[in-house]
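Enquirer: Sending over work_6.pdb (PDB, C-alpha atoms).
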```
ATOM      1  CA  MET A   1      31.280  72.510 -18.826  1.00  0.00           C
ATOM      2  CA  ARG A   2      29.929  75.174 -21.183  1.00  0.00           C
ATOM      3  CA  PRO A   3      27.773  74.176 -24.168  1.00  0.00           C
ATOM      4  CA  LYS A   4      29.295  74.212 -27.632  1.00  0.00           C
ATOM      5  CA  PHE A   5      27.279  75.023 -30.756  1.00  0.00           C
ATOM      6  CA  TYR A   6      27.928  73.601 -34.213  1.00  0.00           C
ATOM      7  CA  ALA A   7      26.446  74.494 -37.600  1.00  0.00           C
ATOM      8  CA  CYS A   8      24.530  71.638 -39.295  1.00  0.00           C
ATOM      9  CA  ASP A   9      22.003  71.069 -42.017  1.00  0.00           C
ATOM     10  CA  ASP A  10      18.759  72.819 -41.074  1.00  0.00           C
ATOM     11  CA  GLU A  11      16.826  69.519 -41.199  1.00  0.00           C
ATOM     12  CA  THR A  12      18.861  67.196 -39.018  1.00  0.00           C
ATOM     13  CA  SER A  13      17.010  64.282 -37.464  1.00  0.00           C
ATOM     14  CA  TYR A  14      19.374  62.355 -35.156  1.00  0.00           C
ATOM     15  CA  VAL A  15      22.557  63.124 -33.262  1.00  0.00           C
ATOM     16  CA  ALA A  16      25.046  60.658 -31.785  1.00  0.00           C
ATOM     17  CA  VAL A  17      28.028  61.375 -29.522  1.00  0.00           C
ATOM     18  CA  GLY A  18      31.192  59.293 -29.548  1.00  0.00           C
ATOM     19  CA  ASP A  19      34.943  59.373 -30.089  1.00  0.00           C
ATOM     20  CA  PHE A  20      34.990  58.958 -33.882  1.00  0.00           C
ATOM     21  CA  ASN A  21      38.651  59.854 -34.475  1.00  0.00           C
ATOM     22  CA  GLY A  22      40.294  58.155 -31.473  1.00  0.00           C
ATOM     23  CA  ASP A  23      41.494  61.315 -29.677  1.00  0.00           C
ATOM     24  CA  ARG A  24      39.461  60.652 -26.479  1.00  0.00           C
ATOM     25  CA  LYS A  25      37.283  63.765 -27.021  1.00  0.00           C
ATOM     26  CA  PRO A  26      33.527  63.573 -27.655  1.00  0.00           C
ATOM     27  CA  ASP A  27      32.617  64.122 -31.305  1.00  0.00           C
ATOM     28  CA  LEU A  28      29.174  64.380 -32.934  1.00  0.00           C
ATOM     29  CA  VAL A  29      27.618  62.674 -35.930  1.00  0.00           C
ATOM     30  CA  VAL A  30      24.362  64.068 -37.329  1.00  0.00           C
ATOM     31  CA  ALA A  31      21.966  62.271 -39.686  1.00  0.00           C
ATOM     32  CA  ASN A  32      20.800  64.686 -42.380  1.00  0.00           C
ATOM     33  CA  TYR A  33      17.027  64.459 -42.823  1.00  0.00           C
ATOM     34  CA  GLY A  34      15.726  63.506 -46.246  1.00  0.00           C
ATOM     35  CA  GLY A  35      19.108  62.431 -47.535  1.00  0.00           C
ATOM     36  CA  THR A  36      21.592  59.637 -47.397  1.00  0.00           C
ATOM     37  CA  SER A  37      24.388  61.525 -45.707  1.00  0.00           C
ATOM     38  CA  VAL A  38      25.700  62.296 -42.250  1.00  0.00           C
ATOM     39  CA  SER A  39      27.750  65.207 -40.908  1.00  0.00           C
ATOM     40  CA  VAL A  40      30.686  64.345 -38.630  1.00  0.00           C
ATOM     41  CA  LEU A  41      31.662  67.168 -36.271  1.00  0.00           C
ATOM     42  CA  LEU A  42      35.077  66.499 -34.741  1.00  0.00           C
ATOM     43  CA  ASN A  43      35.948  68.098 -31.419  1.00  0.00           C
ATOM     44  CA  THR A  44      39.255  69.713 -32.361  1.00  0.00           C
ATOM     45  CA  GLY A  45      39.149  72.671 -29.968  1.00  0.00           C
ATOM     46  CA  VAL A  46      42.058  73.093 -27.590  1.00  0.00           C
ATOM     47  CA  VAL A  47      41.184  76.472 -26.077  1.00  0.00           C
ATOM     48  CA  ASP A  48      38.777  77.008 -23.196  1.00  0.00           C
ATOM     49  CA  PHE A  49      37.803  80.369 -21.693  1.00  0.00           C
ATOM     50  CA  SER A  50      37.077  80.572 -17.935  1.00  0.00           C
ATOM     51  CA  SER A  51      34.130  82.897 -18.121  1.00  0.00           C
ATOM     52  CA  ALA A  52      31.240  82.944 -20.497  1.00  0.00           C
ATOM     53  CA  THR A  53      31.249  85.830 -22.894  1.00  0.00           C
ATOM     54  CA  PRO A  54      30.222  88.451 -23.585  1.00  0.00           C
ATOM     55  CA  LEU A  55      32.030  90.473 -20.960  1.00  0.00           C
ATOM     56  CA  ASN A  56      29.534  93.192 -20.055  1.00  0.00           C
ATOM     57  CA  PHE A  57      30.920  96.491 -18.805  1.00  0.00           C
ATOM     58  CA  LYS A  58      27.399  97.960 -18.463  1.00  0.00           C
ATOM     59  CA  ASN A  59      27.309 101.730 -17.798  1.00  0.00           C
ATOM     60  CA  GLN A  60      30.560 103.701 -18.004  1.00  0.00           C
ATOM     61  CA  ALA A  61      30.865 107.488 -18.038  1.00  0.00           C
ATOM     62  CA  VAL A  62      32.146 108.932 -21.326  1.00  0.00           C
ATOM     63  CA  GLY A  63      35.817 109.860 -21.074  1.00  0.00           C
ATOM     64  CA  THR A  64      36.580 107.414 -18.249  1.00  0.00           C
ATOM     65  CA  THR A  65      37.985 103.884 -18.231  1.00  0.00           C
ATOM     66  CA  SER A  66      36.302 100.921 -16.553  1.00  0.00           C
ATOM     67  CA  LYS A  67      37.888  98.512 -14.129  1.00  0.00           C
ATOM     68  CA  ALA A  68      39.417  95.567 -15.959  1.00  0.00           C
ATOM     69  CA  GLN A  69      37.490  92.341 -16.435  1.00  0.00           C
ATOM     70  CA  THR A  70      39.477  89.163 -16.973  1.00  0.00           C
ATOM     71  CA  VAL A  71      39.148  85.853 -18.772  1.00  0.00           C
ATOM     72  CA  THR A  72      41.475  82.885 -18.320  1.00  0.00           C
ATOM     73  CA  LEU A  73      42.512  81.154 -21.539  1.00  0.00           C
ATOM     74  CA  THR A  74      43.431  77.500 -20.968  1.00  0.00           C
ATOM     75  CA  ASN A  75      45.240  75.345 -23.518  1.00  0.00           C
ATOM     76  CA  THR A  76      43.459  72.000 -23.089  1.00  0.00           C
ATOM     77  CA  GLY A  77      45.444  70.439 -25.930  1.00  0.00           C
ATOM     78  CA  THR A  78      48.524  68.246 -25.864  1.00  0.00           C
ATOM     79  CA  ALA A  79      50.755  70.643 -27.835  1.00  0.00           C
ATOM     80  CA  GLU A  80      51.915  74.216 -27.354  1.00  0.00           C
ATOM     81  CA  LEU A  81      49.351  76.830 -28.449  1.00  0.00           C
ATOM     82  CA  LYS A  82      51.045  79.434 -30.635  1.00  0.00           C
ATOM     83  CA  ILE A  83      49.481  82.888 -30.551  1.00  0.00           C
ATOM     84  CA  GLN A  84      49.944  84.998 -33.667  1.00  0.00           C
ATOM     85  CA  SER A  85      47.907  88.019 -32.600  1.00  0.00           C
ATOM     86  CA  MET A  86      45.421  89.274 -30.030  1.00  0.00           C
ATOM     87  CA  LYS A  87      43.540  92.527 -30.590  1.00  0.00           C
ATOM     88  CA  ALA A  88      40.578  94.429 -29.111  1.00  0.00           C
ATOM     89  CA  SER A  89      38.169  96.367 -31.293  1.00  0.00           C
ATOM     90  CA  SER A  90      36.057  99.470 -30.913  1.00  0.00           C
ATOM     91  CA  GLU A  91      36.337 101.383 -27.629  1.00  0.00           C
ATOM     92  CA  PHE A  92      37.885  98.488 -25.718  1.00  0.00           C
ATOM     93  CA  GLU A  93      41.510  97.857 -24.755  1.00  0.00           C
ATOM     94  CA  MET A  94      43.130  94.567 -23.794  1.00  0.00           C
ATOM     95  CA  SER A  95      46.308  93.157 -22.331  1.00  0.00           C
ATOM     96  CA  SER A  96      47.361  89.592 -21.661  1.00  0.00           C
ATOM     97  CA  THR A  97      49.929  87.402 -19.963  1.00  0.00           C
ATOM     98  CA  CYS A  98      49.776  84.894 -22.850  1.00  0.00           C
ATOM     99  CA  GLY A  99      52.843  86.003 -24.792  1.00  0.00           C
ATOM    100  CA  LYS A 100      53.567  84.165 -28.058  1.00  0.00           C
ATOM    101  CA  ALA A 101      52.691  80.676 -26.761  1.00  0.00           C
ATOM    102  CA  VAL A 102      50.809  78.795 -24.043  1.00  0.00           C
ATOM    103  CA  THR A 103      52.168  75.409 -23.023  1.00  0.00           C
ATOM    104  CA  ALA A 104      49.985  72.290 -23.183  1.00  0.00           C
ATOM    105  CA  GLY A 105      47.785  72.343 -20.091  1.00  0.00           C
ATOM    106  CA  GLY A 106      48.871  75.918 -19.331  1.00  0.00           C
ATOM    107  CA  ASP A 107      46.810  79.054 -19.013  1.00  0.00           C
ATOM    108  CA  CYS A 108      47.093  82.824 -19.200  1.00  0.00           C
ATOM    109  CA  THR A 109      44.974  85.848 -18.351  1.00  0.00           C
ATOM    110  CA  ILE A 110      43.359  88.267 -20.789  1.00  0.00           C
ATOM    111  CA  SER A 111      42.205  91.616 -19.329  1.00  0.00           C
ATOM    112  CA  ALA A 112      39.853  94.075 -21.025  1.00  0.00           C
ATOM    113  CA  THR A 113      38.749  97.633 -20.234  1.00  0.00           C
ATOM    114  CA  PHE A 114      36.089  99.903 -21.737  1.00  0.00           C
ATOM    115  CA  SER A 115      36.670 103.626 -22.465  1.00  0.00           C
ATOM    116  CA  PRO A 116      33.594 105.076 -24.184  1.00  0.00           C
ATOM    117  CA  THR A 117      34.001 108.209 -26.285  1.00  0.00           C
ATOM    118  CA  LYS A 118      30.246 108.800 -26.768  1.00  0.00           C
ATOM    119  CA  LYS A 119      26.922 107.872 -25.177  1.00  0.00           C
ATOM    120  CA  GLY A 120      25.189 104.668 -26.224  1.00  0.00           C
ATOM    121  CA  SER A 121      25.678 100.939 -26.527  1.00  0.00           C
ATOM    122  CA  VAL A 122      28.961  99.624 -27.875  1.00  0.00           C
ATOM    123  CA  GLN A 123      29.819  96.117 -29.028  1.00  0.00           C
ATOM    124  CA  GLY A 124      33.338  94.872 -29.578  1.00  0.00           C
ATOM    125  CA  THR A 125      35.548  91.824 -29.582  1.00  0.00           C
ATOM    126  CA  ILE A 126      38.920  90.527 -28.607  1.00  0.00           C
ATOM    127  CA  THR A 127      40.070  88.508 -31.599  1.00  0.00           C
ATOM    128  CA  ILE A 128      42.738  85.854 -31.083  1.00  0.00           C
ATOM    129  CA  ILE A 129      44.563  84.297 -34.042  1.00  0.00           C
ATOM    130  CA  ASP A 130      46.289  81.105 -32.890  1.00  0.00           C
ATOM    131  CA  SER A 131      47.273  77.586 -33.854  1.00  0.00           C
ATOM    132  CA  ALA A 132      44.135  76.046 -32.280  1.00  0.00           C
ATOM    133  CA  SER A 133      41.906  76.690 -35.267  1.00  0.00           C
ATOM    134  CA  THR A 134      41.797  78.041 -38.793  1.00  0.00           C
ATOM    135  CA  LYS A 135      39.185  80.489 -37.490  1.00  0.00           C
ATOM    136  CA  PRO A 136      39.834  83.232 -34.904  1.00  0.00           C
ATOM    137  CA  GLN A 137      38.858  82.712 -31.267  1.00  0.00           C
ATOM    138  CA  VAL A 138      36.567  85.570 -30.197  1.00  0.00           C
ATOM    139  CA  ILE A 139      35.669  87.063 -26.830  1.00  0.00           C
ATOM    140  CA  GLU A 140      32.610  89.294 -27.130  1.00  0.00           C
ATOM    141  CA  LEU A 141      32.559  92.661 -25.317  1.00  0.00           C
ATOM    142  CA  LEU A 142      29.606  94.919 -24.451  1.00  0.00           C
ATOM    143  CA  GLY A 143      29.399  98.321 -22.814  1.00  0.00           C
ATOM    144  CA  THR A 144      27.268 101.438 -22.597  1.00  0.00           C
ATOM    145  CA  GLY A 145      28.649 104.966 -22.563  1.00  0.00           C
ATOM    146  CA  THR A 146      26.718 107.280 -20.252  1.00  0.00           C
TER     147      THR A 146
END
```
What is this file in structure tokens?

Expert:
Amino acid sequence: MRPKFYACDDETSYVAVGDFNGDRKPDLVVANYGGTSVSVLLNTGVVDFSSATPLNFKNQAVGTTSKAQTVTLTNTGTAELKIQSMKASSEFEMSSTCGKAVTAGGDCTISATFSPTKKGSVQGTITIIDSASTKPQVIELLGTGT
């Protein structure tokens, strides 16, 4: 299991883990230091990626295209995952077998390549807009043109 990071007050003092909304997923509650409040962080994510990002293409000759690297997207939720868009930025290209939806418990493959047009380090992303979250899912990409 990969770690998950959540934004909290910068002076939190205690953290507790439990199923606070009855969905059988671990949630967090954080006591905010110096106050009389707590932050409840519900585990609502339904997408898991098979490999940790960033995908690192390392050194690639300018004007050539790297071998593809892949990530498996798994819908860990109980409902169909609807995909609105999936797009690579910068000097990266992507393709996927995901289509417009991934069934509950299903998975698909996302492939990325790197085609540098100049020498130097390049950062990019694959941005996925889907029904899992109000925020985009992001796969980070790194490469160096040589």

Enquirer: For Gly77 of chain A, which residue out of A:Thr109, A:Gln123, A:Ser133, A:Thr65 is the nearest one, using all atoms listed in the file?

Expert: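 So, comparing all the options, the nearest one is A:Ser133.
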
Enquirer: Report the distance between atom CA of Met86 of chain A and atom CA of Thr74 of chain A in Å, rounded to one decimal place.

Expert: 15.0 Å

Enquirer: Measuring between all atoms listed in the file, which one of A:Gln137, A:Phe92, A:Val15, A:Gly143 shows the shortest distance to Asn59 of chain A?

Expert: A:Gly143

Enquirer: If you measure from atom CA of Ser90 of chain A to atom CA of Ser50 of chain A, what distance in Å do you get, rounded to one decimal?

Expert: 22.9 Å

Enquirer: Of the candidates A:Asn56, A:Thr103, A:Ser39, A:Asn75, which one gets nearest to Ser121 of chain A if we count only C-alpha atoms?

Expert: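 Closest to Ser121 of chain A, using only C-alpha atoms: A:Asn56.
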
Enquirer: The PyMOL selection byres ((chain A and resi 85) around 9) on the file shown: which residues, as a VMD selection string?

Expert: chain A and resid 83 to 84 86 to 87 100 127 to 130

Enquirer: Would you mind telling me which residue in A:Val40, A:Ile139, A:Ala16, A:Leu28 lies nearest to Leu73 of chain A when using only C-alpha atoms?

Expert: A:Ile139

Enquirer: So that I can check the surroundings of Ser111 of chain A, please list as a PDB file with C-alpha atoms, in the coordinates of the input every protein, DNA and RNA residue that reaches within 9 Å of it, counting all atoms listed in the file and ignoring chain neighbours fewer than 4 positions away.

Expert:
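Saved to out_33.pdb:
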```pdb
ATOM      1  CA  ALA A  68      39.417  95.567 -15.959  1.00  0.00           C
ATOM      2  CA  GLN A  69      37.490  92.341 -16.435  1.00  0.00           C
ATOM      3  CA  THR A  70      39.477  89.163 -16.973  1.00  0.00           C
ATOM      4  CA  VAL A  71      39.148  85.853 -18.772  1.00  0.00           C
ATOM      5  CA  THR A  72      41.475  82.885 -18.320  1.00  0.00           C
ATOM      6  CA  GLU A  93      41.510  97.857 -24.755  1.00  0.00           C
ATOM      7  CA  MET A  94      43.130  94.567 -23.794  1.00  0.00           C
ATOM      8  CA  SER A  95      46.308  93.157 -22.331  1.00  0.00           C
ATOM      9  CA  SER A  96      47.361  89.592 -21.661  1.00  0.00           C
ATOM     10  CA  THR A  97      49.929  87.402 -19.963  1.00  0.00           C
TER      11      THR A  97
END
```

Enquirer: For Ile126 of chain A, which of A:Glu91, A:Asp48, A:Asp27, A:Asp19 is the closest residue, counting all atoms listed in the file?

Expert: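 Among A:Glu91, A:Asp48, A:Asp27, A:Asp19, it is A:Glu91 that comes nearest to Ile126 of chain A.
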
Enquirer: Go ahead and compute the interatomic distance for atom CA of Leu81 of chain A and atom CA of Lys135 of chain A, in Å to one decimal.

Expert: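 These two atoms are separated by 14.1 Å.
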
Enquirer: Which is closer to Thr144 of chain A than all the others in A:Ser115, A:Thr76, A:Thr125, A:Ser89, using all atoms listed in the file?

Expert: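 For Thr144 of chain A, the nearest of the candidates is A:Ser115.
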